[in-house]
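Engineer: One file: work_29.cif (mmCIF, C-alpha atoms).
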data_input
loop_
_atom_site.label_atom_id
_atom_site.label_comp_id
_atom_site.auth_asym_id
_atom_site.auth_seq_id
_atom_site.Cartn_x
_atom_site.Cartn_y
_atom_site.Cartn_z
CA MET Y 94 0.00 0.00 0.00
CA GLU Y 95 1.16 3.52 -0.74
CA ASP Y 96 2.44 5.56 2.19
CA PRO Y 97 -0.41 8.01 3.07
CA ILE Y 98 2.14 10.85 3.20
CA ASP Y 99 3.16 10.02 -0.40
CA SER Y 100 -0.51 10.07 -1.50
CA PHE Y 101 -1.10 13.37 0.30
CA ASP Y 102 2.02 14.86 -1.24
CA ARG Y 103 1.08 13.84 -4.78
CA GLU Y 104 -2.49 15.06 -4.32
CA TRP Y 105 -1.35 18.40 -2.86
CA HIS Y 106 0.91 19.03 -5.87
CA ARG Y 107 -1.94 18.13 -8.24
CA ILE Y 108 -4.37 20.47 -6.43
CA VAL Y 109 -1.96 23.40 -6.57
CA ALA Y 110 -1.01 22.73 -10.21
CA GLU Y 111 -4.68 22.48 -11.25
CA LYS Y 112 -5.88 25.21 -8.84
CA ASP Y 113 -8.49 22.69 -7.68
CA ARG Y 114 -10.62 24.45 -5.07
CA ILE Y 115 -12.79 21.40 -4.39
CA GLY Y 116 -9.71 19.21 -3.97
CA LEU Y 117 -8.33 21.75 -1.49
CA GLY Y 118 -11.43 21.38 0.66
CA ARG Y 119 -10.94 17.61 0.66
CA VAL Y 120 -7.37 17.61 1.99
CA LEU Y 121 -7.87 20.21 4.75
CA ALA Y 122 -9.09 19.16 8.22
CA ASP Y 123 -12.35 20.76 9.44
CA ASP Y 124 -10.50 22.76 12.07
CA VAL Y 125 -7.37 23.48 10.00
CA THR Y 126 -5.27 26.46 11.10
CA VAL Y 127 -3.26 28.62 8.69
CA GLY Y 128 -0.34 30.90 9.55
CA VAL Y 129 -0.29 33.51 6.78
CA PRO Y 130 2.50 35.91 5.74
CA PRO Y 131 0.75 39.19 6.68
CA TYR Y 132 -0.45 38.47 10.24
CA TRP Y 133 0.72 36.65 13.34
CA GLN Y 134 -2.68 35.29 14.33
CA LYS Y 135 -3.74 32.10 12.60
CA LEU Y 136 -6.84 31.71 10.47
CA HIS Y 137 -9.18 28.93 11.60
CA GLY Y 138 -11.49 26.54 9.77
CA ARG Y 139 -11.74 24.88 6.39
CA ALA Y 140 -14.05 27.36 4.61
CA ILE Y 141 -11.79 30.34 5.29
CA ALA Y 142 -8.63 28.35 4.56
CA VAL Y 143 -9.95 27.09 1.21
CA HIS Y 144 -10.93 30.61 0.14
CA LEU Y 145 -7.56 32.05 1.17
CA LEU Y 146 -5.40 29.31 -0.39
CA ASP Y 147 -7.46 29.41 -3.57
CA LEU Y 148 -6.87 33.19 -3.78
CA ILE Y 149 -3.14 32.73 -3.16
CA ILE Y 150 -2.63 30.07 -5.84
CA HIS Y 151 -4.62 32.18 -8.30
CA THR Y 152 -2.58 35.31 -7.47
CA ILE Y 153 0.99 33.96 -7.48
CA GLU Y 154 2.00 33.53 -11.12
CA GLU Y 155 4.20 30.63 -12.28
CA PHE Y 156 3.82 29.00 -8.86
CA THR Y 157 6.45 26.21 -8.88
CA TYR Y 158 7.53 23.78 -6.15
CA HIS Y 159 11.25 23.01 -5.66
CA ARG Y 160 12.97 21.49 -2.61
CA GLU Y 161 10.89 19.27 -0.41
CA TRP Y 162 11.42 17.86 3.06
CA ARG Y 163 9.48 15.36 5.17
CA ASN Y 164 9.75 14.31 8.76
CA GLY Y 165 6.91 11.99 9.79
CA ARG Y 166 3.69 13.98 9.33
CA GLU Y 167 5.57 17.29 8.97
CA LEU Y 168 6.30 18.50 5.42
CA ALA Y 169 8.17 21.53 4.13
CA LEU Y 170 7.63 22.47 0.46
CA GLU Y 171 9.61 25.30 -1.11
CA PHE Y 172 8.07 27.31 -3.93
CA THR Y 173 8.82 30.27 -6.15
CA GLY Y 174 6.65 32.50 -8.31
CA HIS Y 175 5.91 36.16 -8.88
CA VAL Y 176 3.19 38.75 -8.33
CA GLY Y 177 3.39 41.05 -11.34
CA ASP Y 178 7.11 41.78 -11.65
CA VAL Y 179 7.85 41.02 -7.97
CA GLN Y 180 9.61 37.65 -7.59
CA LEU Y 181 9.11 35.55 -4.48
CA GLN Y 182 10.34 32.45 -2.69
CA GLY Y 183 8.18 30.76 -0.09
CA ILE Y 184 7.67 27.62 1.91
CA ASP Y 185 4.61 25.67 3.00
CA LEU Y 186 5.11 24.06 6.42
CA ILE Y 187 2.40 21.42 6.60
CA THR Y 188 1.34 19.28 9.59
CA LEU Y 189 -0.93 16.34 8.77
CA ASP Y 190 -3.31 14.90 11.34
CA GLU Y 191 -3.57 11.15 12.00
CA ARG Y 192 -6.06 10.80 9.11
CA GLY Y 193 -3.66 12.47 6.67
CA ALA Y 194 -5.59 15.77 6.43
CA VAL Y 195 -3.87 19.17 6.82
CA ALA Y 196 -4.13 20.19 10.50
CA ASN Y 197 -1.87 23.24 10.16
CA LEU Y 198 -0.23 25.10 7.29
CA ASP Y 199 2.22 27.96 7.80
CA VAL Y 200 3.24 29.99 4.76
CA LEU Y 201 6.53 31.90 4.99
CA MET Y 202 7.84 34.07 2.14
CA ARG Y 203 10.56 36.45 1.09
CA PRO Y 204 11.14 39.21 0.17
CA VAL Y 205 8.98 41.67 2.04
CA ASN Y 206 7.76 43.54 -1.09
CA ALA Y 207 6.36 40.26 -2.48
CA ILE Y 208 4.35 39.69 0.72
CA ILE Y 209 3.04 43.26 0.48
CA ALA Y 210 2.15 42.84 -3.22
CA LEU Y 211 0.34 39.54 -2.48
CA ARG Y 212 -1.47 41.04 0.49
CA GLY Y 213 -2.54 44.01 -1.65
CA ILE Y 214 -4.46 41.64 -3.94
CA VAL Y 215 -5.59 38.95 -1.49
CA ALA Y 216 -6.55 41.00 1.62
CA PRO Y 217 -9.45 43.01 0.08
CA ARG Y 218 -10.88 39.83 -1.47
CA MET Y 219 -10.64 37.97 1.85
CA ALA Y 220 -12.33 40.93 3.58
CA ALA Y 221 -15.18 40.83 1.04
CA PHE Y 222 -15.54 37.05 1.55
CA LEU Y 223 -15.62 37.40 5.34
CA GLU Y 224 -18.20 40.22 5.18
CA GLU Y 225 -20.41 38.19 2.87
CA ARG Y 226 -20.14 35.19 5.19
CA ALA Y 227 -21.02 37.32 8.22
CA ALA Y 228 -24.05 38.76 6.36
CA GLN Y 229 -25.23 35.24 5.40
CA ARG Y 230 -24.97 34.17 9.02
CA GLU Y 231 -27.04 37.14 10.16
CA ASP Y 232 -29.65 36.30 7.54
CA SER Y 233 -29.86 32.75 8.78
CA ASP Y 234 -30.19 33.76 12.44
CA MET N 227 32.30 8.20 12.35
CA GLU N 228 29.64 10.86 12.87
CA ASP N 229 27.62 11.90 9.82
CA PRO N 230 29.07 15.29 8.73
CA ILE N 231 25.51 16.66 8.45
CA ASP N 232 24.92 15.72 12.11
CA SER N 233 28.12 17.50 13.14
CA PHE N 234 27.18 20.57 11.11
CA ASP N 235 23.71 20.59 12.59
CA ARG N 236 24.95 20.35 16.18
CA GLU N 237 27.59 23.02 15.56
CA TRP N 238 25.07 25.37 13.90
CA HIS N 239 22.71 25.13 16.89
CA ARG N 240 25.62 25.78 19.27
CA ILE N 241 26.76 28.82 17.25
CA VAL N 242 23.28 30.35 17.23
CA ALA N 243 22.67 29.59 20.94
CA GLU N 244 26.04 31.09 21.93
CA LYS N 245 25.91 33.89 19.30
CA ASP N 246 29.40 32.75 18.29
CA ARG N 247 30.54 35.09 15.51
CA ILE N 248 33.89 33.33 15.02
CA GLY N 249 32.13 29.97 14.81
CA LEU N 250 29.79 31.41 12.16
CA GLY N 251 32.76 32.36 10.00
CA ARG N 252 34.03 28.77 10.27
CA VAL N 253 30.88 27.06 9.00
CA LEU N 254 30.18 29.39 6.05
CA ALA N 255 31.80 28.78 2.66
CA ASP N 256 34.01 31.59 1.29
CA ASP N 257 31.51 32.35 -1.45
CA VAL N 258 28.34 31.71 0.60
CA THR N 259 25.14 33.34 -0.66
CA VAL N 260 22.33 34.51 1.62
CA GLY N 261 18.71 35.15 0.64
CA VAL N 262 17.43 37.64 3.23
CA PRO N 263 13.84 38.57 4.13
CA PRO N 264 13.91 42.21 2.96
CA TYR N 265 15.38 41.88 -0.57
CA TRP N 266 15.21 39.49 -3.51
CA GLN N 267 18.89 39.78 -4.46
CA LYS N 268 21.23 37.54 -2.53
CA LEU N 269 24.15 38.76 -0.43
CA HIS N 270 27.51 37.25 -1.40
CA GLY N 271 30.62 36.32 0.56
CA ARG N 272 31.56 35.18 4.04
CA ALA N 273 32.44 38.56 5.61
CA ILE N 274 29.10 40.15 4.74
CA ALA N 275 27.15 36.99 5.68
CA VAL N 276 28.85 36.70 9.09
CA HIS N 277 28.11 40.34 9.87
CA LEU N 278 24.48 40.03 8.81
CA LEU N 279 23.76 36.73 10.60
CA ASP N 280 25.50 37.97 13.73
CA LEU N 281 23.26 41.08 13.68
CA ILE N 282 20.15 38.94 13.15
CA ILE N 283 20.86 36.53 16.03
CA HIS N 284 21.63 39.47 18.30
CA THR N 285 18.42 41.27 17.28
CA ILE N 286 15.85 38.45 17.44
CA GLU N 287 15.06 37.87 21.12
CA GLU N 288 14.42 34.37 22.51
CA PHE N 289 15.55 32.86 19.20
CA THR N 290 14.48 29.18 19.47
CA TYR N 291 14.66 26.36 16.93
CA HIS N 292 11.71 23.95 16.56
CA ARG N 293 10.92 21.60 13.66
CA GLU N 294 13.82 20.43 11.59
CA TRP N 295 14.04 18.69 8.23
CA ARG N 296 16.94 17.21 6.29
CA ASN N 297 17.25 15.89 2.77
CA GLY N 298 20.84 15.05 1.87
CA ARG N 299 22.80 18.30 2.13
CA GLU N 300 19.62 20.41 2.29
CA LEU N 301 18.36 21.41 5.74
CA ALA N 302 15.28 23.35 6.85
CA LEU N 303 15.28 24.69 10.43
CA GLU N 304 12.19 26.41 11.82
CA PHE N 305 12.61 29.08 14.48
CA THR N 306 10.55 31.52 16.50
CA GLY N 307 11.45 34.64 18.46
CA HIS N 308 10.43 38.27 18.75
CA VAL N 309 11.69 41.78 17.99
CA GLY N 310 10.43 43.93 20.83
CA ASP N 311 6.79 42.92 21.15
CA VAL N 312 6.52 41.65 17.55
CA GLN N 313 6.49 37.84 17.44
CA LEU N 314 7.94 35.97 14.48
CA GLN N 315 8.27 32.54 12.92
CA GLY N 316 11.02 31.83 10.42
CA ILE N 317 12.93 29.14 8.62
CA ASP N 318 16.56 28.72 7.61
CA LEU N 319 16.91 26.82 4.33
CA ILE N 320 20.53 25.69 4.29
CA THR N 321 22.49 24.07 1.45
CA LEU N 322 25.83 22.55 2.44
CA ASP N 323 28.66 22.15 -0.06
CA GLU N 324 30.60 18.89 -0.47
CA ARG N 325 32.93 19.93 2.38
CA GLY N 326 29.98 20.49 4.76
CA ALA N 327 30.19 24.30 4.72
CA VAL N 328 27.13 26.52 4.13
CA ALA N 329 26.96 27.29 0.40
CA ASN N 330 23.56 29.00 0.56
CA LEU N 331 21.20 30.11 3.30
CA ASP N 332 17.73 31.49 2.63
CA VAL N 333 15.84 33.06 5.54
CA LEU N 334 12.04 33.24 5.23
CA MET N 335 9.86 34.76 7.94
CA ARG N 336 6.33 35.72 8.87
CA PRO N 337 4.54 37.96 9.62
CA VAL N 338 5.38 41.02 7.56
CA ASN N 339 5.58 43.44 10.52
CA ALA N 340 8.28 41.26 12.10
CA ILE N 341 10.38 41.44 8.92
CA ILE N 342 9.93 45.22 8.89
CA ALA N 343 10.86 45.50 12.60
CA LEU N 344 13.97 43.35 12.06
CA ARG N 345 14.96 45.32 8.96
CA GLY N 346 14.54 48.58 10.89
CA ILE N 347 17.28 47.50 13.28
CA VAL N 348 19.55 45.45 11.00
CA ALA N 349 19.53 47.50 7.76
CA PRO N 350 21.17 50.70 9.11
CA ARG N 351 23.86 48.63 10.85
CA MET N 352 24.54 46.64 7.67
CA ALA N 353 24.73 49.92 5.71
CA ALA N 354 27.27 51.30 8.21
CA PHE N 355 29.30 48.07 7.94
CA LEU N 356 29.30 48.17 4.13
CA GLU N 357 30.33 51.85 4.07
CA GLU N 358 33.18 51.21 6.47
CA ARG N 359 34.32 48.25 4.38
CA ALA N 360 34.22 50.35 1.19
CA ALA N 361 36.21 53.13 2.90
CA GLN N 362 38.84 50.63 4.08
CA ARG N 363 39.17 49.27 0.56
CA GLU N 364 39.69 52.78 -0.82
CA ASP N 365 42.37 53.42 1.82
CA SER N 366 44.21 50.26 0.84
CA ASP N 367 44.13 51.09 -2.90
#
Will you turn the file into structure tokens for me?

Structural biologist:
Amino acid sequence: MEDPIDSFDREWHRIVAEKDRIGLGRVLADDVTVGVPPYWQKLHGRAIAVHLLDLIIHTIEEFTYHREWRNGRELALEFTGHVGDVQLQGIDLITLDERGAVANLDVLMRPVNAIIALRGIVAPRMAAFLEERAAQREDSD
Amino acid sequence: MEDPIDSFDREWHRIVAEKDRIGLGRVLADDVTVGVPPYWQKLHGRAIAVHLLDLIIHTIEEFTYHREWRNGRELALEFTGHVGDVQLQGIDLITLDERGAVANLDVLMRPVNAIIALRGIVAPRMAAFLEERAAQREDSD
């Protein structure tokens, strides 16, 4: 049988390459936490994480994975890409839970102007998504 | 005989814990390159790298290593710390050359305000160091 970490790893690369939003939802745990480049506090929950990661992989152009490390259920995946003419290097630090779903993902990047360029595109769209979600919840109360 | 990667790893942790500037010079290759959080372009050469890394480990408070990954001569070392009241998470991506010296080190961090706080302290000191170096070179011409 294939090592579940191998299957996760292959599936994660496929999801990112194909920008597969539904696939993303499948590999994240319900209560996944995400450490993002702009803020210290982590984002919580699958719906928010899917929306954010989907925005990120649609915003970073020529997103390409390079070096890769594994240590049990902890993975580190280096990537490069660019936002407009701003080049970037980043790493996904992924912790899988015992079922092989993503329990935590921290995204670290350099240089600082790339993080600011990415945030400039992603942050307003995340804010709109969160407002819409809050409004839907009020409607359903 | 001990694996040279094990010896490097132990020595690197000792150097950072003891803020050992001379030790730093010993484990970096002559032509080491460093990818820093604020800029895309890499810094080149041992003297500049030692000065920069020494400044960084003196500036980040409670610098502590956590998860660690290895893949042949490629290492990834996660750390946390803070600059004043700004918390940070970072990773050192280290490539060793065939002699076990650091050929390349990329430093990625989050969140963005921590990179800016670190840069605010380190950048003017690096600029002063580079000016002094340039002046010394002119004197010796």

Engineer: Pairing the C-alpha atoms in order across the whole chain, superpose chain Y onto chain N by least squares and write the result as a short mmCIF file (atom, residue, chain, number, x, y, z; two decimals) with C-alpha atoms, in the frame of the given file.

Structural biologist:
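Output (result15.cif):
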data_model
loop_
_atom_site.label_atom_id
_atom_site.label_comp_id
_atom_site.auth_asym_id
_atom_site.auth_seq_id
_atom_site.Cartn_x
_atom_site.Cartn_y
_atom_site.Cartn_z
CA MET Y 94 32.27 8.21 12.35
CA GLU Y 95 29.63 10.87 12.86
CA ASP Y 96 27.61 11.89 9.81
CA PRO Y 97 29.05 15.30 8.72
CA ILE Y 98 25.49 16.66 8.43
CA ASP Y 99 24.90 15.71 12.10
CA SER Y 100 28.13 17.50 13.13
CA PHE Y 101 27.19 20.57 11.09
CA ASP Y 102 23.70 20.58 12.58
CA ARG Y 103 24.94 20.35 16.16
CA GLU Y 104 27.58 23.02 15.56
CA TRP Y 105 25.07 25.37 13.89
CA HIS Y 106 22.72 25.12 16.88
CA ARG Y 107 25.62 25.78 19.27
CA ILE Y 108 26.76 28.83 17.26
CA VAL Y 109 23.28 30.35 17.23
CA ALA Y 110 22.67 29.58 20.92
CA GLU Y 111 26.04 31.09 21.92
CA LYS Y 112 25.91 33.89 19.30
CA ASP Y 113 29.40 32.76 18.28
CA ARG Y 114 30.54 35.11 15.52
CA ILE Y 115 33.87 33.34 15.02
CA GLY Y 116 32.13 29.96 14.80
CA LEU Y 117 29.79 31.42 12.18
CA GLY Y 118 32.76 32.35 10.01
CA ARG Y 119 34.03 28.78 10.28
CA VAL Y 120 30.88 27.06 9.01
CA LEU Y 121 30.19 29.41 6.07
CA ALA Y 122 31.81 28.79 2.66
CA ASP Y 123 34.01 31.60 1.28
CA ASP Y 124 31.50 32.36 -1.46
CA VAL Y 125 28.35 31.72 0.61
CA THR Y 126 25.15 33.34 -0.66
CA VAL Y 127 22.34 34.51 1.62
CA GLY Y 128 18.71 35.15 0.65
CA VAL Y 129 17.44 37.64 3.23
CA PRO Y 130 13.84 38.58 4.15
CA PRO Y 131 13.93 42.22 2.95
CA TYR Y 132 15.39 41.88 -0.57
CA TRP Y 133 15.23 39.51 -3.51
CA GLN Y 134 18.89 39.78 -4.46
CA LYS Y 135 21.25 37.55 -2.53
CA LEU Y 136 24.15 38.76 -0.43
CA HIS Y 137 27.52 37.27 -1.40
CA GLY Y 138 30.63 36.32 0.56
CA ARG Y 139 31.55 35.20 4.04
CA ALA Y 140 32.45 38.57 5.61
CA ILE Y 141 29.09 40.15 4.75
CA ALA Y 142 27.17 37.00 5.67
CA VAL Y 143 28.86 36.71 9.08
CA HIS Y 144 28.12 40.36 9.89
CA LEU Y 145 24.48 40.03 8.81
CA LEU Y 146 23.77 36.73 10.60
CA ASP Y 147 25.50 37.97 13.73
CA LEU Y 148 23.26 41.08 13.68
CA ILE Y 149 20.16 38.93 13.15
CA ILE Y 150 20.86 36.53 16.02
CA HIS Y 151 21.63 39.48 18.30
CA THR Y 152 18.41 41.27 17.28
CA ILE Y 153 15.84 38.45 17.44
CA GLU Y 154 15.07 37.87 21.12
CA GLU Y 155 14.41 34.37 22.52
CA PHE Y 156 15.55 32.86 19.21
CA THR Y 157 14.47 29.19 19.47
CA TYR Y 158 14.66 26.35 16.94
CA HIS Y 159 11.70 23.94 16.56
CA ARG Y 160 10.92 21.60 13.65
CA GLU Y 161 13.81 20.42 11.58
CA TRP Y 162 14.04 18.68 8.23
CA ARG Y 163 16.94 17.19 6.27
CA ASN Y 164 17.24 15.89 2.77
CA GLY Y 165 20.84 15.04 1.86
CA ARG Y 166 22.80 18.31 2.12
CA GLU Y 167 19.62 20.42 2.28
CA LEU Y 168 18.36 21.41 5.75
CA ALA Y 169 15.29 23.34 6.85
CA LEU Y 170 15.28 24.68 10.44
CA GLU Y 171 12.21 26.40 11.84
CA PHE Y 172 12.62 29.08 14.48
CA THR Y 173 10.56 31.53 16.50
CA GLY Y 174 11.45 34.64 18.47
CA HIS Y 175 10.44 38.27 18.77
CA VAL Y 176 11.69 41.77 17.99
CA GLY Y 177 10.42 43.93 20.84
CA ASP Y 178 6.77 42.91 21.15
CA VAL Y 179 6.52 41.64 17.55
CA GLN Y 180 6.49 37.83 17.43
CA LEU Y 181 7.94 35.97 14.47
CA GLN Y 182 8.28 32.53 12.92
CA GLY Y 183 11.02 31.83 10.41
CA ILE Y 184 12.93 29.13 8.63
CA ASP Y 185 16.56 28.71 7.63
CA LEU Y 186 16.91 26.82 4.34
CA ILE Y 187 20.52 25.69 4.30
CA THR Y 188 22.49 24.06 1.45
CA LEU Y 189 25.84 22.54 2.44
CA ASP Y 190 28.65 22.16 -0.06
CA GLU Y 191 30.60 18.90 -0.46
CA ARG Y 192 32.93 19.92 2.41
CA GLY Y 193 29.99 20.49 4.76
CA ALA Y 194 30.20 24.31 4.74
CA VAL Y 195 27.14 26.52 4.14
CA ALA Y 196 26.97 27.29 0.39
CA ASN Y 197 23.56 29.00 0.56
CA LEU Y 198 21.21 30.11 3.31
CA ASP Y 199 17.74 31.50 2.64
CA VAL Y 200 15.85 33.05 5.55
CA LEU Y 201 12.06 33.24 5.24
CA MET Y 202 9.86 34.77 7.95
CA ARG Y 203 6.34 35.72 8.88
CA PRO Y 204 4.55 37.98 9.61
CA VAL Y 205 5.39 41.01 7.54
CA ASN Y 206 5.57 43.44 10.51
CA ALA Y 207 8.29 41.26 12.10
CA ILE Y 208 10.39 41.45 8.92
CA ILE Y 209 9.93 45.23 8.89
CA ALA Y 210 10.85 45.52 12.59
CA LEU Y 211 13.98 43.36 12.06
CA ARG Y 212 14.96 45.30 8.96
CA GLY Y 213 14.53 48.58 10.87
CA ILE Y 214 17.27 47.50 13.29
CA VAL Y 215 19.54 45.45 11.01
CA ALA Y 216 19.52 47.49 7.75
CA PRO Y 217 21.17 50.70 9.10
CA ARG Y 218 23.86 48.64 10.85
CA MET Y 219 24.55 46.64 7.67
CA ALA Y 220 24.74 49.92 5.71
CA ALA Y 221 27.28 51.30 8.20
CA PHE Y 222 29.32 48.07 7.95
CA LEU Y 223 29.30 48.15 4.15
CA GLU Y 224 30.32 51.84 4.07
CA GLU Y 225 33.17 51.20 6.48
CA ARG Y 226 34.33 48.25 4.38
CA ALA Y 227 34.20 50.33 1.19
CA ALA Y 228 36.21 53.12 2.90
CA GLN Y 229 38.85 50.59 4.08
CA ARG Y 230 39.16 49.27 0.55
CA GLU Y 231 39.68 52.77 -0.83
CA ASP Y 232 42.34 53.39 1.80
CA SER Y 233 44.16 50.25 0.81
CA ASP Y 234 44.06 51.04 -2.91
#

Engineer: Identify which of the residues N:Ala243, N:Leu269, N:Met335, N:Leu278 lies closest to Gln315 (chain N), counting all atoms listed in the file when measuring atom-to-atom distances.

Structural biologist: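 So, comparing all the options, the nearest one is N:Met335.
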
Engineer: Can you list, as a PyMOL selection string, the residues that the PyMOL selection byres ((chain Y and resi 143) around 9) selects here?

Structural biologist: chain Y and resi 114-115+117-118+121+138-142+144-148

Engineer: Please write out, as lines of an AutoDock Vina configuration file, where the centre of an axis-aligned box around all listed atoms of region 301-316 of chain N lies and how long its edges are, in Å to one decimal, after adding 4 Å on each side.

Structural biologist:
center_x = 12.4
center_y = 32.7
center_z = 13.4
size_x = 19.9
size_y = 30.5
size_z = 23.4

Engineer: Which value, in Å to one decimal, gives the distance between CA of Phe172 (chain Y) and CA of Trp238 (chain N)?

Structural biologist: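 These atoms are spaced 24.7 Å apart.
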
Engineer: Write out as a list in words the residues lying within 8 Å of Ile209 (chain Y), counting all atoms listed in the file and excluding same-chain residues fewer than 3 positions away.

Structural biologist: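 Here the qualifying residues turn out to be Pro131, Val205, Asn206, Arg212 and Gly213 of chain Y; Val338 of chain N.
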
Engineer: On this structure, the PyMOL selection byres ((chain Y) within 9 of (chain N)) would catch which residues? List them as number ranges by chain, sorted by chain and number.

Structural biologist: Y: 128-133, 160-164, 167-169, 179-184, 199-209

Engineer: What does the file look like for those residues with C-alpha atoms, as a CSV table (one decimal), in the coordinates of the input?

Structural biologist:
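As written to disk, result01.csv reads:
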chain,number,residue,atom,x,y,z
Y,128,GLY,CA,-0.3,30.9,9.6
Y,129,VAL,CA,-0.3,33.5,6.8
Y,130,PRO,CA,2.5,35.9,5.7
Y,131,PRO,CA,0.8,39.2,6.7
Y,132,TYR,CA,-0.4,38.5,10.2
Y,133,TRP,CA,0.7,36.6,13.3
Y,160,ARG,CA,13.0,21.5,-2.6
Y,161,GLU,CA,10.9,19.3,-0.4
Y,162,TRP,CA,11.4,17.9,3.1
Y,163,ARG,CA,9.5,15.4,5.2
Y,164,ASN,CA,9.8,14.3,8.8
Y,167,GLU,CA,5.6,17.3,9.0
Y,168,LEU,CA,6.3,18.5,5.4
Y,169,ALA,CA,8.2,21.5,4.1
Y,179,VAL,CA,7.8,41.0,-8.0
Y,180,GLN,CA,9.6,37.6,-7.6
Y,181,LEU,CA,9.1,35.6,-4.5
Y,182,GLN,CA,10.3,32.4,-2.7
Y,183,GLY,CA,8.2,30.8,-0.1
Y,184,ILE,CA,7.7,27.6,1.9
Y,199,ASP,CA,2.2,28.0,7.8
Y,200,VAL,CA,3.2,30.0,4.8
Y,201,LEU,CA,6.5,31.9,5.0
Y,202,MET,CA,7.8,34.1,2.1
Y,203,ARG,CA,10.6,36.4,1.1
Y,204,PRO,CA,11.1,39.2,0.2
Y,205,VAL,CA,9.0,41.7,2.0
Y,206,ASN,CA,7.8,43.5,-1.1
Y,207,ALA,CA,6.4,40.3,-2.5
Y,208,ILE,CA,4.4,39.7,0.7
Y,209,ILE,CA,3.0,43.3,0.5

Engineer: For CA of Val125 (chain Y) and CA of Ala196 (chain Y), determine how far apart the two atoms are, in Å to one decimal place.

Structural biologist: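 Interatomic distance here is 4.6 Å.
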
Engineer: Expressed in Å to a single decimal, how great is the separation between CA of Ile98 (chain Y) and CA of Tyr291 (chain N)?

Structural biologist: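 Going from CA of Ile98 (chain Y) over to CA of Tyr291 (chain N) covers 24.2 Å.
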
Engineer: Calculated over all atoms listed in the file, which of the candidates Y:Glu191, Y:Thr152, Y:Ala122, Y:Pro97 has the smallest distance to Ala216 (chain Y)?

Structural biologist: Y:Thr152

Engineer: Apply the PyMOL selection byres ((chain N and resi 326) around 8) to the file shown and report the selected residues as a list in words.

Structural biologist: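 Matching residues under the PyMOL selection byres ((chain N and resi 326) around 8) are Pro230, Ile231, Phe234, Val253, Arg299, Leu322, Asp323, Glu324, Arg325, Ala327 and Val328 of chain N.
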
Engineer: At a cut-off of 8 Å, using only C-alpha atoms, what residues contact Ile282 (chain N)? Leave out same-chain residues fewer than 4 positions from it and give the result as a list in words.

Structural biologist: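 Skipping anything fewer than 4 positions along the chain leaves Leu278, Ile286, Leu344 and Val348 of chain N.
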
Engineer: Tell me which of Y:Ala220, Y:Glu104, Y:Ile214, Y:Gln229 sits closest to Gly116 (chain Y), counting all atoms listed in the file.

Structural biologist: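 Among Y:Ala220, Y:Glu104, Y:Ile214, Y:Gln229, it is Y:Glu104 that comes nearest to Gly116 (chain Y).
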
Engineer: Missing atoms in region 158-170 of chain Y should be modelled up to N, CA and C atoms and reported as a PDB file, keeping the file's coordinate frame.

Structural biologist:
ATOM      1  N   TYR Y 158       6.876  24.396  -7.308  1.00  0.00           N
ATOM      2  CA  TYR Y 158       7.530  23.780  -6.150  1.00  0.00           C
ATOM      3  C   TYR Y 158       8.956  23.363  -6.490  1.00  0.00           C
ATOM      4  N   HIS Y 159       9.838  23.404  -5.482  1.00  0.00           N
ATOM      5  CA  HIS Y 159      11.250  23.010  -5.660  1.00  0.00           C
ATOM      6  C   HIS Y 159      11.654  22.006  -4.603  1.00  0.00           C
ATOM      7  N   ARG Y 160      12.498  22.430  -3.639  1.00  0.00           N
ATOM      8  CA  ARG Y 160      12.970  21.490  -2.610  1.00  0.00           C
ATOM      9  C   ARG Y 160      11.810  21.037  -1.743  1.00  0.00           C
ATOM     10  N   GLU Y 161      11.950  19.832  -1.225  1.00  0.00           N
ATOM     11  CA  GLU Y 161      10.890  19.270  -0.410  1.00  0.00           C
ATOM     12  C   GLU Y 161      11.501  18.450   0.712  1.00  0.00           C
ATOM     13  N   TRP Y 162      10.946  18.609   1.902  1.00  0.00           N
ATOM     14  CA  TRP Y 162      11.420  17.860   3.060  1.00  0.00           C
ATOM     15  C   TRP Y 162      10.247  17.191   3.751  1.00  0.00           C
ATOM     16  N   ARG Y 163      10.501  16.026   4.353  1.00  0.00           N
ATOM     17  CA  ARG Y 163       9.480  15.360   5.170  1.00  0.00           C
ATOM     18  C   ARG Y 163      10.105  14.846   6.441  1.00  0.00           C
ATOM     19  N   ASN Y 164       9.306  14.859   7.487  1.00  0.00           N
ATOM     20  CA  ASN Y 164       9.750  14.310   8.760  1.00  0.00           C
ATOM     21  C   ASN Y 164       8.472  13.814   9.443  1.00  0.00           C
ATOM     22  N   GLY Y 165       8.177  12.514   9.274  1.00  0.00           N
ATOM     23  CA  GLY Y 165       6.910  11.990   9.790  1.00  0.00           C
ATOM     24  C   GLY Y 165       5.763  12.712   9.115  1.00  0.00           C
ATOM     25  N   ARG Y 166       4.854  13.291   9.900  1.00  0.00           N
ATOM     26  CA  ARG Y 166       3.690  13.980   9.330  1.00  0.00           C
ATOM     27  C   ARG Y 166       3.929  15.465   9.111  1.00  0.00           C
ATOM     28  N   GLU Y 167       5.219  15.883   9.186  1.00  0.00           N
ATOM     29  CA  GLU Y 167       5.570  17.290   8.970  1.00  0.00           C
ATOM     30  C   GLU Y 167       6.250  17.415   7.605  1.00  0.00           C
ATOM     31  N   LEU Y 168       5.717  18.286   6.747  1.00  0.00           N
ATOM     32  CA  LEU Y 168       6.300  18.500   5.420  1.00  0.00           C
ATOM     33  C   LEU Y 168       6.715  19.963   5.264  1.00  0.00           C
ATOM     34  N   ALA Y 169       7.752  20.171   4.481  1.00  0.00           N
ATOM     35  CA  ALA Y 169       8.170  21.530   4.130  1.00  0.00           C
ATOM     36  C   ALA Y 169       8.369  21.554   2.618  1.00  0.00           C
ATOM     37  N   LEU Y 170       7.618  22.424   1.929  1.00  0.00           N
ATOM     38  CA  LEU Y 170       7.630  22.470   0.460  1.00  0.00           C
ATOM     39  C   LEU Y 170       7.992  23.880  -0.002  1.00  0.00           C
TER      40      LEU Y 170
END
